[in-house]
file coords.tsv (TSV, C-alpha atoms)
chain	number	residue	atom	x	y	z
A	1	MET	CA	-30.91	23.17	14.73
A	2	ALA	CA	-32.82	19.97	15.33
A	3	SER	CA	-35.55	21.27	13.04
A	4	THR	CA	-33.10	21.74	10.13
A	5	PRO	CA	-32.23	18.31	8.70
A	6	GLU	CA	-29.36	19.69	6.57
A	7	TYR	CA	-27.37	20.30	9.77
A	8	TRP	CA	-27.41	16.56	10.53
A	9	THR	CA	-26.22	14.99	7.29
A	10	ARG	CA	-22.58	14.83	8.44
A	11	ILE	CA	-22.48	13.20	11.85
A	12	VAL	CA	-19.46	12.52	14.07
A	13	PHE	CA	-19.91	10.20	17.03
A	14	ILE	CA	-17.08	10.28	19.59
A	15	ILE	CA	-18.10	7.25	21.57
A	16	ASP	CA	-15.86	7.89	24.60
A	17	ALA	CA	-16.73	11.58	24.92
A	18	PRO	CA	-17.85	12.64	28.43
A	19	SER	CA	-21.32	13.47	27.11
A	20	PRO	CA	-21.81	11.67	23.80
A	21	ILE	CA	-24.52	12.96	21.50
A	22	SER	CA	-27.72	10.97	21.14
A	23	VAL	CA	-27.19	8.63	18.19
A	24	GLN	CA	-30.83	7.95	17.51
A	25	SER	CA	-31.71	11.65	17.65
A	26	CYS	CA	-29.11	12.54	15.01
A	27	PHE	CA	-30.54	10.03	12.57
A	28	GLN	CA	-34.07	11.26	13.22
A	29	TRP	CA	-33.12	14.92	12.79
A	30	SER	CA	-31.48	14.21	9.41
A	31	GLN	CA	-34.82	12.82	8.21
A	32	ASN	CA	-34.26	11.03	4.87
A	33	LEU	CA	-31.28	13.03	3.58
A	34	PRO	CA	-28.00	11.34	2.55
A	35	LEU	CA	-25.63	10.73	5.46
A	36	ASP	CA	-21.90	10.85	6.14
A	37	VAL	CA	-21.23	8.98	9.39
A	38	TYR	CA	-17.93	8.95	11.28
A	39	VAL	CA	-17.60	6.91	14.46
A	40	THR	CA	-14.39	7.32	16.43
A	41	CYS	CA	-12.96	7.66	19.92
A	42	TYR	CA	-10.19	9.61	21.58
A	43	GLY	CA	-8.40	6.33	22.18
A	44	ALA	CA	-7.99	5.70	18.45
A	45	HIS	CA	-5.31	8.41	18.47
A	46	MET	CA	-3.40	7.03	21.50
A	47	PRO	CA	-1.34	4.09	20.12
A	48	ASN	CA	0.97	3.95	23.16
A	49	HIS	CA	-1.76	3.80	25.77
A	50	SER	CA	-2.21	0.61	27.84
A	51	TRP	CA	-5.70	-0.75	27.34
A	52	THR	CA	-7.51	-2.97	29.82
A	53	GLU	CA	-10.14	-5.64	29.27
A	54	GLN	CA	-12.65	-3.22	30.77
A	55	ASP	CA	-11.71	-0.62	28.14
A	56	ARG	CA	-12.24	-3.17	25.39
A	57	GLN	CA	-15.62	-4.29	26.66
A	58	ARG	CA	-16.75	-0.68	27.06
A	59	GLU	CA	-15.69	0.24	23.53
A	60	ARG	CA	-17.41	-2.82	22.07
A	61	ALA	CA	-20.67	-1.90	23.83
A	62	GLN	CA	-20.43	1.72	22.66
A	63	VAL	CA	-19.91	0.72	19.02
A	64	ALA	CA	-22.75	-1.80	19.22
A	65	GLN	CA	-25.07	0.94	20.45
A	66	VAL	CA	-24.17	3.17	17.51
A	67	MET	CA	-24.55	0.26	15.09
A	68	ASP	CA	-28.07	-0.53	16.36
A	69	SER	CA	-29.18	2.93	15.25
A	70	LEU	CA	-27.05	3.05	12.11
A	71	ARG	CA	-28.08	-0.32	10.70
A	72	PRO	CA	-31.49	0.72	9.29
A	73	ASN	CA	-29.94	3.94	7.92
A	74	VAL	CA	-27.08	2.33	5.96
A	75	PRO	CA	-28.98	2.47	2.62
A	76	ARG	CA	-28.94	6.28	2.62
A	77	CYS	CA	-25.28	6.71	3.63
A	78	THR	CA	-22.65	8.08	1.26
A	79	SER	CA	-19.80	7.36	3.69
A	80	ILE	CA	-19.43	5.21	6.80
A	81	ARG	CA	-16.22	5.30	8.81
A	82	PHE	CA	-15.36	3.52	12.04
A	83	ASP	CA	-11.97	4.34	13.57
A	84	VAL	CA	-11.59	2.64	16.95
A	85	VAL	CA	-8.95	0.99	19.12
A	86	HIS	CA	-9.82	-2.71	19.01
A	87	ALA	CA	-10.70	-4.93	16.04
A	88	SER	CA	-13.15	-6.80	18.26
A	89	SER	CA	-15.21	-3.60	18.56
A	90	LEU	CA	-15.74	-3.16	14.83
A	91	PRO	CA	-18.99	-4.21	13.20
A	92	LEU	CA	-18.87	-7.14	10.81
A	93	ILE	CA	-20.03	-6.37	7.28
A	94	CYS	CA	-21.41	-9.87	6.80
A	95	GLU	CA	-23.55	-9.55	9.95
A	96	ASP	CA	-24.36	-5.85	10.35
A	97	PHE	CA	-24.83	-4.49	6.82
A	98	HIS	CA	-27.85	-5.44	4.74
A	99	GLY	CA	-29.68	-4.30	1.63
A	100	GLU	CA	-28.44	-1.95	-1.07
A	101	ALA	CA	-26.54	1.25	-0.34
A	102	PRO	CA	-26.75	2.79	-3.84
A	103	ASP	CA	-24.74	5.94	-3.03
A	104	LEU	CA	-22.20	4.56	-0.55
A	105	ARG	CA	-18.77	5.65	-1.75
A	106	GLU	CA	-16.59	5.26	1.35
A	107	LEU	CA	-16.59	2.39	3.82
A	108	GLU	CA	-13.84	2.33	6.42
A	109	LEU	CA	-13.68	-0.14	9.31
A	110	THR	CA	-10.27	0.41	10.90
A	111	CYS	CA	-8.61	-0.04	14.28
A	112	LEU	CA	-5.32	0.35	16.12
A	113	PHE	CA	-4.93	-3.28	17.19
A	114	ASP	CA	-6.11	-6.71	16.16
A	115	ASP	CA	-7.12	-8.11	19.52
A	116	GLU	CA	-9.33	-10.89	18.20
A	117	THR	CA	-9.08	-13.98	20.41
A	118	ASN	CA	-12.70	-15.17	20.32
A	119	SER	CA	-13.13	-17.37	17.28
A	120	ALA	CA	-16.83	-17.79	18.07
A	121	ARG	CA	-17.40	-14.25	16.78
A	122	TYR	CA	-16.57	-15.59	13.30
A	123	GLU	CA	-18.44	-18.87	13.38
A	124	LEU	CA	-20.88	-17.52	10.83
A	125	ASP	CA	-23.52	-19.29	8.81
A	126	ALA	CA	-21.73	-20.19	5.58
A	127	THR	CA	-25.09	-20.80	3.86
A	128	ARG	CA	-26.36	-17.30	4.56
A	129	THR	CA	-27.28	-15.39	1.40
A	130	TRP	CA	-25.20	-12.26	0.86
A	131	ASP	CA	-27.53	-9.28	0.74
A	132	PHE	CA	-25.35	-6.14	0.99
A	133	PHE	CA	-24.56	-4.25	-2.23
A	134	CYS	CA	-22.76	-0.95	-2.76
A	135	PRO	CA	-21.99	-0.57	-6.50
A	136	LYS	CA	-20.59	2.98	-6.24
A	137	LEU	CA	-18.04	2.13	-3.55
A	138	SER	CA	-14.72	3.81	-4.39
A	139	LYS	CA	-12.80	3.84	-1.11
A	140	LEU	CA	-12.66	0.72	1.04
A	141	ALA	CA	-10.55	0.32	4.19
A	142	LEU	CA	-11.03	-2.88	6.18
A	143	ASN	CA	-9.38	-4.68	9.03
A	144	GLY	CA	-8.31	-8.21	8.19
A	145	ALA	CA	-11.25	-10.00	9.80
A	146	ASN	CA	-13.81	-8.02	7.82
A	147	PHE	CA	-11.89	-8.60	4.61
A	148	ALA	CA	-11.66	-12.34	5.25
A	149	THR	CA	-15.37	-12.73	5.99
A	150	SER	CA	-16.76	-10.50	3.23
A	151	PRO	CA	-15.26	-11.41	-0.17
A	152	GLN	CA	-18.74	-11.12	-1.75
A	153	LEU	CA	-18.54	-7.37	-1.23
A	154	PHE	CA	-16.41	-7.11	-4.37
A	155	ASP	CA	-19.00	-8.76	-6.63
A	156	SER	CA	-21.01	-5.57	-7.10
A	157	VAL	CA	-18.27	-2.92	-6.87
A	158	GLN	CA	-17.96	-0.89	-10.07
A	159	THR	CA	-15.50	1.93	-9.32
A	160	LEU	CA	-13.04	0.92	-6.56
A	161	VAL	CA	-10.20	3.45	-6.31
A	162	LEU	CA	-8.59	2.59	-2.96
A	163	LEU	CA	-8.39	-0.68	-1.04
A	164	ASN	CA	-6.66	-0.52	2.35
A	165	LEU	CA	-6.27	-3.83	4.20
A	166	SER	CA	-4.83	-3.59	7.71
A	167	HIS	CA	-4.43	-5.21	11.12
A	168	TYR	CA	-4.77	-8.96	11.15
A	169	LYS	CA	-3.07	-11.71	13.09
A	170	ALA	CA	-2.97	-15.22	11.71
A	171	SER	CA	-5.51	-17.85	12.84
A	172	HIS	CA	-7.81	-15.50	14.74
A	173	CYS	CA	-10.61	-15.75	12.25
A	174	SER	CA	-11.59	-19.41	12.66
A	175	PRO	CA	-13.07	-21.03	10.66
A	176	TRP	CA	-12.17	-18.27	8.18
A	177	ARG	CA	-8.65	-17.58	6.98
A	178	LEU	CA	-6.89	-14.68	5.33
A	179	ARG	CA	-4.14	-15.85	2.99
A	180	PRO	CA	-2.04	-13.76	0.59
A	181	HIS	CA	-3.81	-15.02	-2.52
A	182	ASP	CA	-7.19	-14.14	-0.98
A	183	VAL	CA	-6.34	-10.49	-1.66
A	184	CYS	CA	-5.91	-11.25	-5.35
A	185	SER	CA	-9.01	-13.45	-5.40
A	186	ALA	CA	-11.17	-10.70	-3.90
A	187	LEU	CA	-10.07	-8.11	-6.46
A	188	ALA	CA	-10.53	-10.62	-9.26
A	189	ARG	CA	-14.19	-10.96	-8.21
A	190	MET	CA	-14.95	-7.46	-9.46
A	191	PRO	CA	-16.70	-7.26	-12.82
A	192	PHE	CA	-14.16	-7.84	-15.58
A	193	ARG	CA	-14.32	-4.32	-16.98
A	194	VAL	CA	-13.33	-2.78	-13.61
A	195	GLN	CA	-10.72	-5.22	-12.27
A	196	ARG	CA	-8.54	-2.30	-11.30
A	197	VAL	CA	-7.86	-0.17	-8.26
A	198	HIS	CA	-5.73	2.93	-8.12
A	199	SER	CA	-4.11	2.07	-4.79
A	200	LEU	CA	-3.81	-1.21	-2.91
A	201	ILE	CA	-2.37	-0.74	0.60
A	202	ILE	CA	-1.62	-3.68	2.90
A	203	GLN	CA	-0.29	-2.89	6.36
A	204	ASP	CA	0.31	-4.76	9.61
A	205	VAL	CA	-1.18	-8.00	8.28
A	206	GLU	CA	0.12	-11.37	9.44
A	207	PHE	CA	-1.41	-13.69	6.86
A	208	ASP	CA	-2.50	-17.25	7.54
A	209	ALA	CA	-0.46	-19.96	5.88
A	210	GLY	CA	-2.10	-21.40	2.80
A	211	VAL	CA	-1.50	-23.43	-0.30
A	212	GLN	CA	-0.09	-21.29	-3.10
A	213	LEU	CA	-2.23	-21.02	-6.20
A	214	ALA	CA	-1.52	-23.29	-9.13
A	215	SER	CA	0.34	-21.56	-11.96
A	216	ASP	CA	-2.60	-22.03	-14.35
A	217	VAL	CA	-5.03	-20.14	-12.08
A	218	SER	CA	-5.59	-16.65	-13.47
A	219	LEU	CA	-6.37	-13.81	-11.04
A	220	GLU	CA	-6.05	-10.74	-13.22
A	221	PHE	CA	-6.34	-7.24	-11.83
A	222	ASP	CA	-4.50	-3.92	-12.05
A	223	ALA	CA	-3.37	-1.66	-9.22
A	224	GLU	CA	-1.62	1.54	-10.21
A	225	LEU	CA	0.10	1.65	-6.81
A	226	ILE	CA	0.72	-1.18	-4.34
A	227	ALA	CA	2.07	-0.39	-0.86
A	228	PHE	CA	3.30	-2.94	1.67
A	229	HIS	CA	3.82	-1.80	5.26
A	230	ARG	CA	5.39	-4.27	7.70
A	231	ILE	CA	4.54	-7.36	5.61
A	232	LYS	CA	6.65	-10.55	5.49
A	233	SER	CA	8.60	-11.15	2.30
A	234	ASN	CA	6.99	-14.54	1.63
A	235	ASP	CA	3.52	-12.97	1.79
A	236	ILE	CA	4.63	-10.19	-0.55
A	237	PHE	CA	6.00	-12.81	-2.93
A	238	GLN	CA	2.69	-14.70	-3.04
A	239	ILE	CA	0.68	-11.55	-3.76
A	240	LEU	CA	3.03	-10.36	-6.49
A	241	ASP	CA	3.13	-13.86	-7.93
A	242	CYS	CA	-0.60	-13.77	-8.75
A	243	THR	CA	-1.01	-14.37	-12.46
A	244	GLY	CA	-1.87	-11.24	-14.41
A	245	ILE	CA	-1.06	-8.57	-11.79
A	246	TRP	CA	0.01	-5.19	-13.18
A	247	THR	CA	1.12	-2.13	-11.29
A	248	GLU	CA	2.81	1.16	-12.06
A	249	GLY	CA	4.81	1.10	-8.83
A	250	ILE	CA	5.33	-0.50	-5.43
A	251	ILE	CA	6.19	0.91	-2.00
A	252	PHE	CA	7.92	-1.20	0.66
A	253	GLU	CA	7.94	0.28	4.16
A	254	GLN	CA	9.61	-1.49	7.09
A	255	CYS	CA	9.42	-4.80	5.25
A	256	PRO	CA	12.01	-7.60	5.34
A	257	ILE	CA	12.96	-7.80	1.69
A	258	ALA	CA	16.24	-9.76	1.69
A	259	ASN	CA	14.43	-12.95	0.62
A	260	LEU	CA	12.16	-11.29	-1.92
A	261	SER	CA	13.72	-12.82	-5.00
A	262	ALA	CA	10.62	-12.87	-7.21
A	263	PRO	CA	10.64	-10.55	-10.24
A	264	ILE	CA	9.01	-7.34	-9.04
A	265	PRO	CA	6.65	-5.55	-11.42
A	266	GLY	CA	6.27	-1.80	-11.67
A	267	ASN	CA	7.92	1.14	-13.34
A	268	PHE	CA	8.99	2.62	-9.99
A	269	LEU	CA	9.97	1.19	-6.62
A	270	GLN	CA	10.15	2.95	-3.28
A	271	PHE	CA	11.94	1.56	-0.23
A	272	LEU	CA	11.18	3.33	3.05
A	273	ASN	CA	12.72	2.60	6.45
A	274	ILE	CA	14.31	-0.68	5.36
A	275	ALA	CA	16.60	-2.11	8.06
A	276	ILE	CA	20.37	-2.08	7.79
A	277	ASP	CA	20.62	-5.90	7.61
A	278	GLN	CA	18.55	-6.12	4.41
A	279	ASP	CA	20.18	-6.56	0.99
A	280	LEU	CA	18.40	-4.40	-1.56
A	281	SER	CA	20.21	-6.07	-4.45
A	282	VAL	CA	18.01	-9.16	-4.00
A	283	PRO	CA	14.63	-7.57	-4.84
A	284	LEU	CA	16.27	-5.28	-7.41
A	285	THR	CA	17.69	-8.18	-9.41
A	286	GLY	CA	15.46	-8.66	-12.43
A	287	TRP	CA	13.45	-5.49	-11.82
A	288	LEU	CA	12.86	-3.67	-15.12
A	289	GLY	CA	11.57	-0.29	-13.92
A	290	ASP	CA	13.37	3.02	-14.44
A	291	THR	CA	12.70	5.02	-11.24
A	292	LEU	CA	14.02	4.08	-7.79
A	293	TYR	CA	13.28	5.87	-4.50
A	294	ILE	CA	15.27	5.09	-1.33
A	295	PHE	CA	14.05	6.87	1.81
A	296	ALA	CA	15.53	6.65	5.34
A	297	SER	CA	16.98	3.19	4.70
A	298	PRO	CA	20.42	2.49	6.24
A	299	CYS	CA	20.78	-0.58	3.99
A	300	PHE	CA	21.47	1.78	1.08
A	301	ASN	CA	25.25	1.60	1.19
A	302	ASP	CA	28.42	1.24	-0.87
A	303	ASP	CA	27.88	-2.49	-1.35
A	304	LEU	CA	24.64	-1.83	-3.17
A	305	LEU	CA	26.23	0.93	-5.25
A	306	ARG	CA	29.00	-1.47	-6.27
A	307	ASP	CA	26.35	-3.99	-7.33
A	308	LEU	CA	24.62	-1.32	-9.39
A	309	ALA	CA	27.95	-0.32	-10.98
A	310	ASP	CA	29.06	-3.78	-12.06
A	311	ASP	CA	27.42	-5.82	-14.81
A	312	GLY	CA	29.79	-8.74	-14.35
A	313	ARG	CA	31.62	-8.31	-17.65
A	314	THR	CA	34.06	-6.02	-19.41
A	315	LEU	CA	33.36	-3.83	-22.40
A	316	THR	CA	35.42	-6.09	-24.62
A	317	GLN	CA	33.10	-9.09	-24.14
A	318	ALA	CA	30.56	-9.83	-26.82
A	319	ASP	CA	27.05	-8.75	-25.91
A	320	GLY	CA	25.44	-11.83	-27.36
A	321	GLU	CA	22.52	-13.80	-26.07
A	322	GLY	CA	22.82	-14.76	-22.41
A	323	ALA	CA	25.35	-12.01	-21.63
A	324	ALA	CA	25.43	-10.75	-18.06
A	325	ARG	CA	23.18	-7.79	-17.27
A	326	PHE	CA	23.23	-4.95	-14.79
A	327	ILE	CA	21.04	-4.97	-11.71
A	328	CYS	CA	18.24	-2.50	-12.54
A	329	ASP	CA	19.28	-2.44	-16.17
A	330	GLU	CA	16.57	0.09	-17.08
A	331	LEU	CA	17.31	2.50	-14.20
A	332	LYS	CA	17.26	6.17	-15.22
A	333	GLN	CA	16.09	8.03	-12.11
A	334	LEU	CA	17.51	7.63	-8.60
A	335	HIS	CA	16.03	9.52	-5.63
A	336	ILE	CA	17.80	9.21	-2.27
A	337	SER	CA	16.47	10.83	0.90
A	338	ASN	CA	17.79	10.72	4.48
A	339	CYS	CA	20.36	8.02	3.76
A	340	THR	CA	23.93	8.52	4.99
A	341	ASN	CA	25.50	5.04	4.87
A	342	PHE	CA	26.96	5.53	1.40
A	343	SER	CA	29.95	7.47	0.11
A	344	VAL	CA	30.04	10.13	-2.59
A	345	GLU	CA	32.85	8.25	-4.33
A	346	SER	CA	30.83	5.02	-4.64
A	347	LEU	CA	27.87	6.91	-6.04
A	348	LYS	CA	30.13	8.62	-8.59
A	349	GLU	CA	31.66	5.29	-9.58
A	350	MET	CA	28.21	3.75	-10.16
A	351	ILE	CA	27.12	6.65	-12.37
A	352	LYS	CA	30.42	6.63	-14.25
A	353	SER	CA	30.36	2.87	-14.87
A	354	ARG	CA	26.81	2.80	-16.23
A	355	LYS	CA	27.41	5.87	-18.37
A	356	GLU	CA	30.55	4.37	-19.92
A	357	VAL	CA	28.79	1.12	-20.83
A	358	ALA	CA	25.77	2.98	-22.20
A	359	TYR	CA	27.94	5.21	-24.37
A	360	HIS	CA	30.07	2.30	-25.57
A	361	TYR	CA	27.10	0.49	-27.08
A	362	ASN	CA	24.84	3.45	-27.95
A	363	PRO	CA	26.79	6.72	-28.20
A	364	TRP	CA	24.88	10.01	-28.11
A	365	GLU	CA	25.77	13.60	-28.97
A	366	ASP	CA	24.04	15.66	-26.27
A	367	ASN	CA	21.39	15.37	-23.56
A	368	ASP	CA	18.53	15.79	-26.00
A	369	ASP	CA	19.92	12.95	-28.07
A	370	MET	CA	20.43	10.83	-24.94
A	371	TYR	CA	16.78	11.19	-23.91
A	372	LEU	CA	15.73	9.81	-27.31
A	373	THR	CA	18.17	6.88	-27.36
A	374	ASP	CA	17.06	3.27	-26.87
A	375	PHE	CA	19.91	1.68	-24.92
A	376	ASP	CA	20.80	-1.94	-25.63
A	377	VAL	CA	22.60	-2.78	-22.38
A	378	VAL	CA	21.94	-0.10	-19.78
A	379	PRO	CA	20.99	3.61	-19.86
A	380	PRO	CA	22.98	6.29	-18.05
A	381	ILE	CA	21.45	7.88	-14.96
A	382	HIS	CA	19.24	10.72	-16.22
A	383	VAL	CA	18.02	12.09	-12.86
A	384	LEU	CA	19.74	12.10	-9.45
A	385	ARG	CA	18.06	13.72	-6.45
A	386	VAL	CA	19.73	13.47	-3.03
A	387	GLY	CA	18.26	15.00	0.13
A	388	GLY	CA	19.64	14.59	3.62
A	389	GLY	CA	22.72	12.79	2.30
A	390	PRO	CA	26.40	13.06	3.23
A	391	PRO	CA	28.16	16.42	2.71
A	392	LEU	CA	29.05	17.24	-0.88
A	393	GLY	CA	32.06	19.34	-1.80
A	394	ALA	CA	32.13	21.90	-4.61
A	395	GLU	CA	34.34	19.72	-6.85
A	396	ASP	CA	32.08	16.69	-6.50
A	397	ARG	CA	29.00	18.81	-7.05
A	398	GLU	CA	30.47	20.07	-10.31
A	399	TRP	CA	31.25	16.46	-11.34
A	400	PHE	CA	27.61	15.45	-10.87
A	401	TRP	CA	26.46	18.47	-12.84
A	402	GLN	CA	28.69	17.38	-15.71
A	403	ASN	CA	27.59	13.72	-15.65
A	404	VAL	CA	23.90	13.75	-14.73
A	405	PRO	CA	21.51	15.91	-16.78
A	406	GLU	CA	19.08	16.52	-13.90
A	407	PHE	CA	20.80	16.77	-10.54
A	408	SER	CA	20.22	18.19	-7.06
A	409	TRP	CA	21.83	17.50	-3.65
A	410	THR	CA	21.08	18.81	-0.16
A	411	SER	CA	22.83	17.57	2.96
call {"tool": "encode", "arguments": {"input": "coords.tsv", "output": "structure tokens"}}
result
Amino acid sequence: MASTPEYWTRIVFIIDAPSPISVQSCFQWSQNLPLDVYVTCYGAHMPNHSWTEQDRQRERAQVAQVMDSLRPNVPRCTSIRFDVVHASSLPLICEDFHGEAPDLRELELTCLFDDETNSARYELDATRTWDFFCPKLSKLALNGANFATSPQLFDSVQTLVLLNLSHYKASHCSPWRLRPHDVCSALARMPFRVQRVHSLIIQDVEFDAGVQLASDVSLEFDAELIAFHRIKSNDIFQILDCTGIWTEGIIFEQCPIANLSAPIPGNFLQFLNIAIDQDLSVPLTGWLGDTLYIFASPCFNDDLLRDLADDGRTLTQADGEGAARFICDELKQLHISNCTNFSVESLKEMIKSRKEVAYHYNPWEDNDDMYLTDFDVVPPIHVLRVGGGPPLGAEDREWFWQNVPEFSWTS
């Protein structure tokens, strides 16, 4: 096999294997063919294991050994992925990657934990000329320290589809910092015609405090999907507050959202595993999308349904300028999964209330007519999907069938 270079173009290095393969030999056997390189360890799939300082030092040495052989071969790689336990073991783009990688499409430097405590590792030469370019990069996953120290990476990117930023603890990257608006600034560095990513995912990042951008600073970029996982509400606010941001939808998973009062962009919102003490009506106030997903979130309760049912006025009031509006006053689709802290009656009342107001101002003849109607105040609920909800009796099921055009419910 060593004499057949095609066998060695996709290489997996398990650095803590009992008998790891020779790194240098693999690169030699592949000759000059394009390479897919994946560097991992068994420990990267053991999040509950207790790691010692000796484990960390060993992993760092093992990764450094791989990197010594990989470094001169980076220009011919189509994908490079490091998936290790400790952030301190990962290579630094600004130090370890040089030259042009014309066909590099995937670059992933990820870890289980941000263990960075040695600021000297990031005391880099600020005058050093950036010399790493990968114009075809489409998938980029970085730990926070690499993101903070390599903003120039985005200058040459032409086709970025996915950006995943993860694992960072504030103030570990001295003298560098990672602030919420740095995410927007990095994406805004891409050439103007491609200031767009399909998916922007930010997870387990504790941003450094920083001065918020002035309102006249424009950082325009598009992200079809933005996902926040375990991010503080103030940091979310600062990212969404970037001037010119557009997104089709946003996912919030295990995020504190009760103080997220900024207008949220996006045609759809998804809340996943939001704690019971959070008030969803706060981020939903002012949201103008039409599709809402609530998954495994005990904060979805009758109080929220009452807020969604009440526009703060009666049908006899004039609907002039400045009239009160519904929360989620464009909502048409509601998807609820694995939520049981709400009652069937409150859900029915919300649907009934919105339907009555919609029909009062913009009556329709049948479902086909309803789908084509532009509603002045609020639309009726068009789609209701409930999975893993409270039990539903036959009479209530029939009521939903009569009042929601597209309906399904499983307990």
call {"tool": "residues_around", "arguments": {"input": "coords.tsv", "residues": "Ser261 (chain A)", "least_positions_apart": "4", "cutoff": "9 Å", "atoms": "only C-alpha atoms", "output": "PDB file with C-alpha atoms, in the coordinates of the input"}}
result
ATOM      1  CA  PHE A 237       6.000 -12.810  -2.930  1.00  0.00           C
ATOM      2  CA  ILE A 257      12.960  -7.800   1.690  1.00  0.00           C
ATOM      3  CA  VAL A 282      18.010  -9.160  -4.000  1.00  0.00           C
ATOM      4  CA  PRO A 283      14.630  -7.570  -4.840  1.00  0.00           C
ATOM      5  CA  LEU A 284      16.270  -5.280  -7.410  1.00  0.00           C
ATOM      6  CA  THR A 285      17.690  -8.180  -9.410  1.00  0.00           C
ATOM      7  CA  GLY A 286      15.460  -8.660 -12.430  1.00  0.00           C
TER       8      GLY A 286
END
call {"tool": "atom_distance", "arguments": {"input": "coords.tsv", "atom1": "CA of Ala186 (chain A)", "atom2": "CA of Gly144 (chain A)"}}
result
12.7 Å
call {"tool": "residues_near_point", "arguments": {"input": "coords.tsv", "point": "(-26.1, 9.4, 2.5)", "cutoff": "7 Å", "atoms": "only C-alpha atoms", "output": "tab-separated table (two decimals) with C-alpha atoms, in the coordinates of the input"}}
result
chain	number	residue	atom	x	y	z
A	33	LEU	CA	-31.28	13.03	3.58
A	34	PRO	CA	-28.00	11.34	2.55
A	35	LEU	CA	-25.63	10.73	5.46
A	36	ASP	CA	-21.90	10.85	6.14
A	76	ARG	CA	-28.94	6.28	2.62
A	77	CYS	CA	-25.28	6.71	3.63
A	78	THR	CA	-22.65	8.08	1.26
A	79	SER	CA	-19.80	7.36	3.69
A	103	ASP	CA	-24.74	5.94	-3.03
A	104	LEU	CA	-22.20	4.56	-0.55
call {"tool": "closest_residue", "arguments": {"input": "coords.tsv", "among": "A:Tyr361, A:Phe207, A:Trp176, A:Tyr168", "to": "Cys111 (chain A)", "atoms": "only C-alpha atoms"}}
result
A:Tyr168
call {"tool": "residues_near_point", "arguments": {"input": "coords.tsv", "point": "(12.5, 2.7, -8.0)", "cutoff": "6 Å", "atoms": "all atoms listed in the file", "output": "short mmCIF file (atom, residue, chain, number, x, y, z; two decimals) with C-alpha atoms, in the frame of the given file"}}
result
data_model
loop_
_atom_site.label_atom_id
_atom_site.label_comp_id
_atom_site.auth_asym_id
_atom_site.auth_seq_id
_atom_site.Cartn_x
_atom_site.Cartn_y
_atom_site.Cartn_z
CA PHE A 268 8.99 2.62 -9.99
CA LEU A 269 9.97 1.19 -6.62
CA GLN A 270 10.15 2.95 -3.28
CA THR A 291 12.70 5.02 -11.24
CA LEU A 292 14.02 4.08 -7.79
CA TYR A 293 13.28 5.87 -4.50
#
call {"tool": "residues_around", "arguments": {"input": "coords.tsv", "residues": "Cys299 (chain A)", "least_positions_apart": "5", "cutoff": "7 Å", "atoms": "all atoms listed in the file", "output": "ChimeraX atom specification"}}
result
/A:274-279
call {"tool": "closest_residue", "arguments": {"input": "coords.tsv", "among": "A:Gln152, A:Thr410, A:Asn234, A:Asn164", "to": "His181 (chain A)", "atoms": "all atoms listed in the file"}}
result
A:Asn234
call {"tool": "residues_around", "arguments": {"input": "coords.tsv", "residues": "Cys26 (chain A)", "least_positions_apart": "6", "cutoff": "12 Å", "atoms": "only C-alpha atoms", "output": "ChimeraX atom specification"}}
result
/A:1-13,20,32-33,35-37,66,69-70,73
call {"tool": "atom_distance", "arguments": {"input": "coords.tsv", "atom1": "CA of Pro75 (chain A)", "atom2": "CA of Ser22 (chain A)"}}
result
20.4 Å
call {"tool": "residues_around", "arguments": {"input": "coords.tsv", "residues": "region 395-407 of chain A", "least_positions_apart": "6", "cutoff": "12 Å", "atoms": "all atoms listed in the file", "output": "ChimeraX atom specification"}}
result
/A:332-336,343-356,366-371,379-387
call {"tool": "closest_residue", "arguments": {"input": "coords.tsv", "among": "A:Arg179, A:Arg81, A:His49, A:His86", "to": "Leu140 (chain A)", "atoms": "only C-alpha atoms"}}
result
A:Arg81
call {"tool": "closest_residue", "arguments": {"input": "coords.tsv", "among": "A:Phe295, A:Trp246, A:Phe221, A:Trp287", "to": "Ile327 (chain A)", "atoms": "all atoms listed in the file"}}
result
A:Trp287
call {"tool": "atom_distance", "arguments": {"input": "coords.tsv", "atom1": "CA of Val39 (chain A)", "atom2": "CA of Thr52 (chain A)"}}
result
20.9 Å
call {"tool": "closest_residue", "arguments": {"input": "coords.tsv", "among": "A:Lys139, A:Arg105, A:Arg230, A:Arg189", "to": "His167 (chain A)", "atoms": "only C-alpha atoms"}}
result
A:Arg230
call {"tool": "closest_residue", "arguments": {"input": "coords.tsv", "among": "A:Asn338, A:Val357, A:Val84, A:Val377", "to": "Pro391 (chain A)", "atoms": "all atoms listed in the file"}}
result
A:Asn338
call {"tool": "closest_atom_pairs", "arguments": {"input": "coords.tsv", "of": "region 1-85 of chain A", "to": "region 94-97 of chain A", "cutoff": "9 Å", "atoms": "only C-alpha atoms", "output": "JSON lines"}}
result
{"residue": "A:Met67", "atom": "CA", "partner": "A:Asp96", "partner_atom": "CA", "distance": 7.7}
{"residue": "A:Asp68", "atom": "CA", "partner": "A:Asp96", "partner_atom": "CA", "distance": 8.8}
{"residue": "A:Arg71", "atom": "CA", "partner": "A:Phe97", "partner_atom": "CA", "distance": 6.6}
{"residue": "A:Pro72", "atom": "CA", "partner": "A:Phe97", "partner_atom": "CA", "distance": 8.8}
{"residue": "A:Val74", "atom": "CA", "partner": "A:Phe97", "partner_atom": "CA", "distance": 7.2}
call {"tool": "residues_around", "arguments": {"input": "coords.tsv", "residues": "Cys339 (chain A)", "least_positions_apart": "4", "cutoff": "8 Å", "atoms": "only C-alpha atoms", "output": "number ranges by chain"}}
result
A: 294-298, 300, 388-390
